[in-house]
Structures are given as C-alpha cells and as structure tokens.
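The structure file structure10.txt is reproduced below (compact mmCIF, N, CA and C atoms).
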# COMPACT_ATOMS: atom_id res chain seq x y z
N MET A 1 -25.26 29.22 -6.16
CA MET A 1 -25.72 27.96 -6.69
C MET A 1 -27.23 28.03 -6.84
N LYS A 2 -27.74 27.64 -7.99
CA LYS A 2 -29.16 27.70 -8.26
C LYS A 2 -29.75 26.30 -8.11
N ILE A 3 -30.82 26.21 -7.35
CA ILE A 3 -31.50 24.93 -7.15
C ILE A 3 -32.83 25.00 -7.89
N GLU A 4 -33.01 24.08 -8.79
CA GLU A 4 -34.24 24.05 -9.56
C GLU A 4 -35.18 23.01 -8.97
N THR A 5 -36.44 23.37 -8.94
CA THR A 5 -37.44 22.40 -8.51
C THR A 5 -37.98 21.70 -9.74
N VAL A 6 -38.33 20.46 -9.57
CA VAL A 6 -38.86 19.67 -10.67
C VAL A 6 -40.32 19.37 -10.37
N ASN A 7 -41.18 19.82 -11.26
CA ASN A 7 -42.58 19.48 -11.06
C ASN A 7 -42.92 18.24 -11.86
N SER A 8 -44.00 17.62 -11.50
CA SER A 8 -44.34 16.33 -12.10
C SER A 8 -44.63 16.43 -13.59
N SER A 9 -45.13 17.56 -14.09
CA SER A 9 -45.43 17.66 -15.51
C SER A 9 -44.15 17.69 -16.34
N SER A 10 -43.09 18.37 -15.84
CA SER A 10 -41.84 18.37 -16.60
C SER A 10 -41.15 17.02 -16.53
N THR A 11 -41.31 16.32 -15.41
CA THR A 11 -40.74 14.99 -15.28
C THR A 11 -41.41 14.04 -16.25
N MET A 12 -42.73 14.11 -16.33
CA MET A 12 -43.46 13.23 -17.24
C MET A 12 -43.16 13.57 -18.69
N ALA A 13 -42.92 14.86 -18.98
CA ALA A 13 -42.65 15.26 -20.34
C ALA A 13 -41.35 14.66 -20.84
N HIS A 14 -40.39 14.48 -19.95
CA HIS A 14 -39.12 13.89 -20.34
C HIS A 14 -39.15 12.38 -20.29
N GLY A 15 -40.25 11.78 -19.87
CA GLY A 15 -40.37 10.33 -19.87
C GLY A 15 -39.76 9.66 -18.67
N ALA A 16 -39.43 10.40 -17.63
CA ALA A 16 -38.81 9.81 -16.45
C ALA A 16 -39.87 9.15 -15.58
N ASN A 17 -39.48 8.12 -14.89
CA ASN A 17 -40.38 7.41 -13.98
C ASN A 17 -40.32 8.08 -12.62
N PRO A 18 -41.46 8.54 -12.09
CA PRO A 18 -41.43 9.27 -10.83
C PRO A 18 -41.17 8.38 -9.61
N SER A 19 -41.30 7.06 -9.73
CA SER A 19 -41.08 6.19 -8.57
C SER A 19 -39.59 5.90 -8.43
N VAL A 20 -39.17 5.60 -7.21
CA VAL A 20 -37.78 5.31 -6.91
C VAL A 20 -37.60 3.81 -6.77
N GLU A 21 -36.57 3.28 -7.43
CA GLU A 21 -36.27 1.85 -7.35
C GLU A 21 -34.95 1.66 -6.65
N THR A 22 -34.84 0.57 -5.89
CA THR A 22 -33.57 0.27 -5.25
C THR A 22 -32.60 -0.30 -6.28
N LEU A 23 -31.32 -0.19 -5.97
CA LEU A 23 -30.29 -0.71 -6.86
C LEU A 23 -30.42 -2.23 -7.02
N GLU A 24 -30.75 -2.91 -5.90
CA GLU A 24 -30.89 -4.36 -5.95
C GLU A 24 -32.02 -4.78 -6.89
N SER A 25 -33.15 -4.06 -6.83
CA SER A 25 -34.27 -4.44 -7.69
C SER A 25 -33.95 -4.16 -9.16
N ARG A 26 -33.21 -3.09 -9.42
CA ARG A 26 -32.81 -2.80 -10.80
C ARG A 26 -31.83 -3.83 -11.31
N LEU A 27 -30.89 -4.27 -10.45
CA LEU A 27 -29.94 -5.31 -10.82
C LEU A 27 -30.65 -6.62 -11.13
N LEU A 28 -31.60 -6.99 -10.29
CA LEU A 28 -32.34 -8.22 -10.50
C LEU A 28 -33.17 -8.15 -11.78
N ALA A 29 -33.83 -7.00 -12.01
CA ALA A 29 -34.64 -6.83 -13.21
C ALA A 29 -33.78 -6.93 -14.47
N ALA A 30 -32.59 -6.33 -14.42
CA ALA A 30 -31.70 -6.39 -15.58
C ALA A 30 -31.23 -7.81 -15.85
N SER A 31 -30.94 -8.55 -14.80
CA SER A 31 -30.50 -9.92 -15.00
C SER A 31 -31.63 -10.79 -15.52
N GLN A 32 -32.86 -10.51 -15.09
CA GLN A 32 -34.01 -11.27 -15.57
C GLN A 32 -34.31 -10.96 -17.03
N GLU A 33 -34.18 -9.69 -17.41
CA GLU A 33 -34.41 -9.32 -18.80
C GLU A 33 -33.39 -9.98 -19.71
N ARG A 34 -32.14 -10.01 -19.25
CA ARG A 34 -31.08 -10.59 -20.07
C ARG A 34 -31.28 -12.09 -20.23
N SER A 35 -31.67 -12.74 -19.15
CA SER A 35 -31.79 -14.19 -19.21
C SER A 35 -33.14 -14.63 -19.77
N GLY A 36 -34.16 -13.78 -19.65
CA GLY A 36 -35.45 -14.11 -20.20
C GLY A 36 -36.38 -14.85 -19.26
N SER A 37 -35.93 -15.28 -18.10
CA SER A 37 -36.82 -15.94 -17.15
C SER A 37 -36.45 -15.55 -15.74
N LYS A 38 -37.28 -15.97 -14.79
CA LYS A 38 -37.13 -15.49 -13.42
C LYS A 38 -35.91 -16.09 -12.72
N ARG A 39 -35.74 -17.38 -12.68
CA ARG A 39 -34.61 -18.01 -11.99
C ARG A 39 -34.11 -19.20 -12.83
N PRO A 40 -33.37 -18.94 -13.92
CA PRO A 40 -33.03 -20.03 -14.84
C PRO A 40 -31.79 -20.84 -14.46
N ASP A 41 -30.99 -20.36 -13.53
CA ASP A 41 -29.70 -20.98 -13.26
C ASP A 41 -29.81 -22.09 -12.23
N PRO A 42 -29.76 -23.36 -12.66
CA PRO A 42 -29.88 -24.46 -11.70
C PRO A 42 -28.69 -24.55 -10.74
N GLU A 43 -27.50 -24.12 -11.20
CA GLU A 43 -26.33 -24.12 -10.31
C GLU A 43 -26.53 -23.15 -9.16
N PHE A 44 -27.03 -21.97 -9.47
CA PHE A 44 -27.29 -20.99 -8.42
C PHE A 44 -28.39 -21.49 -7.48
N GLU A 45 -29.40 -22.14 -8.03
CA GLU A 45 -30.47 -22.68 -7.19
C GLU A 45 -29.93 -23.69 -6.18
N ARG A 46 -29.04 -24.59 -6.65
CA ARG A 46 -28.43 -25.57 -5.75
C ARG A 46 -27.60 -24.88 -4.68
N LEU A 47 -26.81 -23.90 -5.11
CA LEU A 47 -25.99 -23.15 -4.16
C LEU A 47 -26.88 -22.44 -3.14
N TYR A 48 -27.94 -21.82 -3.60
CA TYR A 48 -28.84 -21.08 -2.71
C TYR A 48 -29.49 -22.03 -1.70
N GLN A 49 -29.95 -23.18 -2.15
CA GLN A 49 -30.57 -24.14 -1.24
C GLN A 49 -29.56 -24.66 -0.22
N HIS A 50 -28.32 -24.88 -0.66
CA HIS A 50 -27.29 -25.34 0.27
C HIS A 50 -26.98 -24.26 1.31
N LEU A 51 -26.91 -23.01 0.87
CA LEU A 51 -26.67 -21.92 1.81
C LEU A 51 -27.81 -21.76 2.81
N LEU A 52 -29.04 -22.00 2.35
CA LEU A 52 -30.18 -21.96 3.28
C LEU A 52 -30.00 -23.01 4.38
N ALA A 53 -29.47 -24.17 4.00
CA ALA A 53 -29.25 -25.24 4.98
C ALA A 53 -28.08 -24.93 5.91
N MET A 54 -27.20 -24.03 5.50
CA MET A 54 -26.03 -23.67 6.31
C MET A 54 -26.31 -22.57 7.33
N GLU A 55 -27.52 -22.10 7.38
CA GLU A 55 -27.85 -21.00 8.30
C GLU A 55 -27.44 -21.35 9.73
N GLY A 56 -26.76 -20.42 10.37
CA GLY A 56 -26.33 -20.61 11.74
C GLY A 56 -24.89 -21.07 11.89
N GLN A 57 -24.22 -21.36 10.77
CA GLN A 57 -22.84 -21.83 10.84
C GLN A 57 -21.82 -20.69 10.84
N GLY A 58 -22.25 -19.49 10.51
CA GLY A 58 -21.37 -18.34 10.56
C GLY A 58 -20.82 -17.91 9.22
N LYS A 59 -20.35 -16.65 9.20
CA LYS A 59 -19.84 -16.07 7.95
C LYS A 59 -18.57 -16.77 7.47
N ASN A 60 -17.73 -17.21 8.39
CA ASN A 60 -16.49 -17.88 7.98
C ASN A 60 -16.77 -19.20 7.30
N ALA A 61 -17.74 -19.95 7.81
CA ALA A 61 -18.10 -21.24 7.20
C ALA A 61 -18.66 -21.03 5.80
N ILE A 62 -19.49 -20.02 5.63
CA ILE A 62 -20.06 -19.74 4.31
C ILE A 62 -18.96 -19.29 3.35
N HIS A 63 -18.07 -18.43 3.82
CA HIS A 63 -16.96 -17.96 2.99
C HIS A 63 -16.07 -19.13 2.56
N GLU A 64 -15.72 -19.99 3.49
CA GLU A 64 -14.88 -21.15 3.17
C GLU A 64 -15.59 -22.12 2.22
N TYR A 65 -16.89 -22.31 2.43
CA TYR A 65 -17.65 -23.19 1.55
C TYR A 65 -17.61 -22.65 0.11
N LEU A 66 -17.84 -21.36 -0.06
CA LEU A 66 -17.83 -20.78 -1.40
C LEU A 66 -16.44 -20.86 -2.03
N ARG A 67 -15.41 -20.67 -1.24
CA ARG A 67 -14.05 -20.78 -1.76
C ARG A 67 -13.69 -22.21 -2.12
N SER A 68 -14.30 -23.19 -1.45
CA SER A 68 -13.95 -24.59 -1.68
C SER A 68 -14.69 -25.22 -2.86
N LEU A 69 -15.71 -24.56 -3.37
CA LEU A 69 -16.46 -25.12 -4.49
C LEU A 69 -15.57 -25.25 -5.72
N ARG A 70 -15.69 -26.38 -6.40
CA ARG A 70 -14.88 -26.66 -7.58
C ARG A 70 -15.75 -26.72 -8.82
N GLY A 71 -15.16 -26.39 -9.96
CA GLY A 71 -15.85 -26.39 -11.23
C GLY A 71 -16.07 -27.78 -11.77
N ALA A 72 -16.51 -27.84 -13.01
CA ALA A 72 -16.83 -29.11 -13.66
C ALA A 72 -15.61 -30.02 -13.78
N ASP A 73 -14.41 -29.42 -13.90
CA ASP A 73 -13.20 -30.23 -14.03
C ASP A 73 -12.74 -30.81 -12.69
N GLY A 74 -13.34 -30.34 -11.60
CA GLY A 74 -13.00 -30.87 -10.28
C GLY A 74 -11.77 -30.24 -9.64
N GLU A 75 -11.09 -29.37 -10.36
CA GLU A 75 -9.87 -28.76 -9.82
C GLU A 75 -9.97 -27.25 -9.70
N SER A 76 -10.45 -26.61 -10.74
CA SER A 76 -10.49 -25.14 -10.71
C SER A 76 -11.66 -24.65 -9.84
N PRO A 77 -11.43 -23.59 -9.08
CA PRO A 77 -12.49 -23.08 -8.21
C PRO A 77 -13.61 -22.41 -9.02
N VAL A 78 -14.83 -22.55 -8.55
CA VAL A 78 -15.97 -21.92 -9.21
C VAL A 78 -15.86 -20.40 -9.06
N TYR A 79 -15.41 -19.95 -7.89
CA TYR A 79 -15.24 -18.52 -7.62
C TYR A 79 -13.77 -18.26 -7.33
N PRO A 80 -12.96 -18.06 -8.39
CA PRO A 80 -11.50 -17.99 -8.22
C PRO A 80 -10.98 -16.68 -7.63
N THR A 81 -11.76 -15.62 -7.68
CA THR A 81 -11.29 -14.32 -7.21
C THR A 81 -12.22 -13.76 -6.15
N ALA A 82 -11.71 -12.76 -5.46
CA ALA A 82 -12.54 -12.09 -4.45
C ALA A 82 -13.72 -11.40 -5.13
N LYS A 83 -13.51 -10.88 -6.33
CA LYS A 83 -14.62 -10.24 -7.06
C LYS A 83 -15.72 -11.25 -7.37
N ALA A 84 -15.34 -12.46 -7.73
CA ALA A 84 -16.33 -13.50 -8.01
C ALA A 84 -17.09 -13.87 -6.74
N LEU A 85 -16.37 -13.94 -5.62
CA LEU A 85 -17.03 -14.22 -4.34
C LEU A 85 -17.99 -13.10 -3.96
N MET A 86 -17.57 -11.86 -4.18
CA MET A 86 -18.46 -10.73 -3.89
C MET A 86 -19.70 -10.77 -4.77
N ALA A 87 -19.52 -11.11 -6.03
CA ALA A 87 -20.66 -11.15 -6.95
C ALA A 87 -21.68 -12.21 -6.53
N VAL A 88 -21.22 -13.40 -6.18
CA VAL A 88 -22.16 -14.46 -5.82
C VAL A 88 -22.83 -14.16 -4.48
N THR A 89 -22.08 -13.60 -3.53
CA THR A 89 -22.72 -13.27 -2.25
C THR A 89 -23.72 -12.14 -2.43
N LEU A 90 -23.43 -11.19 -3.31
CA LEU A 90 -24.40 -10.13 -3.59
C LEU A 90 -25.66 -10.71 -4.23
N GLN A 91 -25.47 -11.66 -5.13
CA GLN A 91 -26.62 -12.31 -5.77
C GLN A 91 -27.48 -13.04 -4.73
N VAL A 92 -26.84 -13.71 -3.79
CA VAL A 92 -27.57 -14.40 -2.72
C VAL A 92 -28.29 -13.38 -1.84
N LEU A 93 -27.62 -12.27 -1.52
CA LEU A 93 -28.25 -11.24 -0.69
C LEU A 93 -29.48 -10.64 -1.36
N VAL A 94 -29.38 -10.40 -2.67
CA VAL A 94 -30.53 -9.87 -3.42
C VAL A 94 -31.69 -10.87 -3.38
N ARG A 95 -31.37 -12.14 -3.56
CA ARG A 95 -32.41 -13.18 -3.53
C ARG A 95 -33.06 -13.26 -2.15
N LEU A 96 -32.24 -13.21 -1.09
CA LEU A 96 -32.78 -13.24 0.26
C LEU A 96 -33.68 -12.03 0.51
N LYS A 97 -33.26 -10.88 0.02
CA LYS A 97 -34.07 -9.67 0.19
C LYS A 97 -35.37 -9.78 -0.58
N ASP A 98 -35.32 -10.34 -1.78
CA ASP A 98 -36.54 -10.54 -2.57
C ASP A 98 -37.53 -11.44 -1.85
N GLU A 99 -37.00 -12.40 -1.11
CA GLU A 99 -37.86 -13.34 -0.38
C GLU A 99 -38.17 -12.84 1.03
N LYS A 100 -37.89 -11.55 1.27
CA LYS A 100 -38.20 -10.89 2.56
C LYS A 100 -37.47 -11.55 3.73
N LEU A 101 -36.24 -11.98 3.52
CA LEU A 101 -35.44 -12.62 4.56
C LEU A 101 -34.27 -11.76 5.01
N GLU A 102 -34.37 -10.42 4.81
CA GLU A 102 -33.25 -9.56 5.18
C GLU A 102 -33.03 -9.46 6.68
N ASP A 103 -33.98 -9.91 7.49
CA ASP A 103 -33.81 -9.93 8.94
C ASP A 103 -33.32 -11.28 9.47
N SER A 104 -33.06 -12.21 8.56
CA SER A 104 -32.67 -13.56 8.98
C SER A 104 -31.19 -13.61 9.35
N LEU A 105 -30.84 -14.64 10.08
CA LEU A 105 -29.45 -14.89 10.45
C LEU A 105 -28.62 -15.17 9.21
N LEU A 106 -29.18 -15.89 8.25
CA LEU A 106 -28.45 -16.21 7.02
C LEU A 106 -28.07 -14.94 6.26
N TYR A 107 -28.96 -13.96 6.22
CA TYR A 107 -28.67 -12.71 5.54
C TYR A 107 -27.45 -12.04 6.17
N LYS A 108 -27.40 -12.04 7.49
CA LYS A 108 -26.26 -11.44 8.20
C LYS A 108 -24.98 -12.21 7.93
N GLU A 109 -25.09 -13.54 7.89
CA GLU A 109 -23.91 -14.36 7.64
C GLU A 109 -23.38 -14.19 6.22
N VAL A 110 -24.28 -14.17 5.23
CA VAL A 110 -23.86 -13.98 3.84
C VAL A 110 -23.29 -12.58 3.66
N SER A 111 -23.89 -11.60 4.34
CA SER A 111 -23.36 -10.25 4.31
C SER A 111 -21.95 -10.21 4.90
N GLY A 112 -21.72 -10.96 5.96
CA GLY A 112 -20.38 -11.07 6.55
C GLY A 112 -19.40 -11.73 5.60
N ALA A 113 -19.85 -12.77 4.88
CA ALA A 113 -18.99 -13.44 3.90
C ALA A 113 -18.66 -12.47 2.76
N ASN A 114 -19.62 -11.63 2.38
CA ASN A 114 -19.39 -10.61 1.37
C ASN A 114 -18.34 -9.62 1.86
N SER A 115 -18.41 -9.25 3.13
CA SER A 115 -17.43 -8.33 3.71
C SER A 115 -16.03 -8.94 3.73
N LEU A 116 -15.95 -10.24 4.01
CA LEU A 116 -14.66 -10.93 3.98
C LEU A 116 -14.06 -10.90 2.57
N ALA A 117 -14.90 -11.16 1.57
CA ALA A 117 -14.43 -11.14 0.19
C ALA A 117 -14.00 -9.72 -0.21
N PHE A 118 -14.75 -8.72 0.24
CA PHE A 118 -14.40 -7.34 -0.04
C PHE A 118 -13.06 -6.99 0.59
N SER A 119 -12.85 -7.41 1.83
CA SER A 119 -11.59 -7.14 2.52
C SER A 119 -10.42 -7.81 1.80
N MET A 120 -10.64 -9.03 1.33
CA MET A 120 -9.60 -9.75 0.61
C MET A 120 -9.27 -9.01 -0.69
N ASP A 121 -10.29 -8.56 -1.41
CA ASP A 121 -10.09 -7.82 -2.65
C ASP A 121 -9.33 -6.53 -2.38
N LEU A 122 -9.70 -5.83 -1.33
CA LEU A 122 -9.04 -4.58 -0.97
C LEU A 122 -7.57 -4.81 -0.62
N PHE A 123 -7.28 -5.87 0.13
CA PHE A 123 -5.91 -6.20 0.49
C PHE A 123 -5.07 -6.49 -0.75
N VAL A 124 -5.60 -7.30 -1.65
CA VAL A 124 -4.86 -7.67 -2.86
C VAL A 124 -4.59 -6.43 -3.71
N LYS A 125 -5.59 -5.56 -3.87
CA LYS A 125 -5.39 -4.34 -4.65
C LYS A 125 -4.34 -3.44 -4.01
N GLY A 126 -4.37 -3.31 -2.68
CA GLY A 126 -3.37 -2.51 -1.99
C GLY A 126 -1.97 -3.08 -2.16
N PHE A 127 -1.85 -4.38 -2.05
CA PHE A 127 -0.56 -5.04 -2.23
C PHE A 127 -0.04 -4.83 -3.64
N MET A 128 -0.92 -5.02 -4.62
CA MET A 128 -0.51 -4.84 -6.02
C MET A 128 -0.10 -3.40 -6.29
N ARG A 129 -0.79 -2.45 -5.69
CA ARG A 129 -0.43 -1.04 -5.86
C ARG A 129 0.97 -0.78 -5.29
N GLU A 130 1.27 -1.35 -4.12
CA GLU A 130 2.60 -1.18 -3.53
C GLU A 130 3.68 -1.81 -4.38
N VAL A 131 3.39 -2.96 -4.95
CA VAL A 131 4.39 -3.66 -5.77
C VAL A 131 4.66 -2.92 -7.07
N PHE A 132 3.61 -2.45 -7.73
CA PHE A 132 3.78 -1.86 -9.05
C PHE A 132 3.93 -0.34 -9.05
N GLN A 133 3.76 0.30 -7.90
CA GLN A 133 3.98 1.74 -7.81
C GLN A 133 4.89 2.04 -6.63
N PRO A 134 6.17 1.70 -6.77
CA PRO A 134 7.10 1.94 -5.66
C PRO A 134 7.22 3.43 -5.35
N ILE A 135 7.51 3.72 -4.08
CA ILE A 135 7.58 5.09 -3.61
C ILE A 135 9.03 5.46 -3.28
N GLY A 136 9.39 6.70 -3.55
CA GLY A 136 10.69 7.24 -3.12
C GLY A 136 11.87 6.59 -3.81
N ASP A 137 12.82 6.08 -3.02
CA ASP A 137 14.07 5.52 -3.52
C ASP A 137 13.85 4.26 -4.35
N GLU A 138 12.72 3.60 -4.16
CA GLU A 138 12.45 2.35 -4.87
C GLU A 138 12.00 2.62 -6.31
N ALA A 139 11.63 3.85 -6.64
CA ALA A 139 11.07 4.16 -7.96
C ALA A 139 12.08 3.98 -9.07
As structure tokens:
Amino acid sequence: MKIETVNSSSTMAHGANPSVETLESRLLAASQERSGSKRPDPEFERLYQHLLAMEGQGKNAIHEYLRSLRGADGESPVYPTAKALMAVTLQVLVRLKDEKLEDSLLYKEVSGANSLAFSMDLFVKGFMREVFQPIGDEA
C-alpha cells in the first residue's frame, strides 16, 4: 500500500481548504446559505426557548414534549416520526453547541432525547425488516 503525503502547495493548487471544519458547523452553514439568514424560523426559536426553560426536567420529559407538539391543525404531530425527532434534536444540539452550551445539563438532556428517538427508529426498522424479510420456513 502506498501512502502519499500532501504538501500545502499541491493542496492549494487543487483549491482545497486546509482548515478542518466540524460536521455540525458545515450543516449549520449549509442551512444558513439555503435560508439566506442566520435564524429565520420563528417556530424553532419558540421551541428552542421553551427547551431552555425545560432544563433539568430530564431527557424523557423533553422527548415526550417533542412528541406531544401538534401542528397548525391541532391534531397531527409536528414531529410524526423518529427521524423527525432526531432531526429537531440535532438542530437544537447544534444551536446549543454554537452558543457554547455543550457542557450544560440541557445539552445532555437533549442528547438523551436524541438517543431515545434513535433507539425508536432502530427498533421500527428492525421490526419492519423482520416483517418484510421472513427467514427460513416463513419465506
């Protein structure tokens, strides 16, 4: 196996950026470029402020709160799937990290709520795989 070293002149010649960016910062930058402003979503702002007030209540309380939110019609959930819950909790985690709050209790609780949503998504996918891909005599 041959390992090539990259010197800075060849890196610059190809137009690559020599600095390393975190995935979270790239995700945030992409969302800002797409939307055109720094924090345009008033719904997310309200949610974020409410979650800040919930600090100390635990990951289960945050998870249940997010699952209980209803849309404009008052019946359909705002976050109907585990993927939607994971997306919003990731967005909150990125915002907390941007505000240098990654050592806060709320960060740990939202991270726990994200883990709950991930576990739920994993369970549903496993169940669906068992149902639609029977093994052995069931095939």
Would you pick out the contacts of stretch 103-116 of chain A at 6 Å or less, using only C-alpha atoms, so that residues sharing its chain but fewer than 4 positions from it are not included, and give the list as an MDAnalysis selection string?
chainID A and resid 55 58:59 63 86 89
Can you tell me which residues surround stretch 73-84 of chain A at a distance of at most 12 Å, considering only C-alpha atoms, apart from same-chain residues fewer than 2 positions away, and format the answer as JSON, numbers by chain?
{"A": [43, 44, 47, 63, 64, 65, 66, 67, 68, 69, 70, 71, 86, 87, 88, 89, 90, 91, 113, 114, 115, 116, 117, 118, 119, 120, 121, 122, 123, 124, 125]}
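Of the listed residues (A:Leu23, A:Ala72, A:Gln49, A:Gln57), A:Leu23 comes nearest to A:Val94; the distances count only C-alpha atoms.
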Atom CA of A:Ile62 and atom N of A:Tyr48 are how many Å apart?
11.4 Å
Atomic separation - atom CA of A:Pro42 relative to atom CA of A:Leu96, Å
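Atom CA of A:Pro42 lies at a distance of 16.7 Å from atom CA of A:Leu96.
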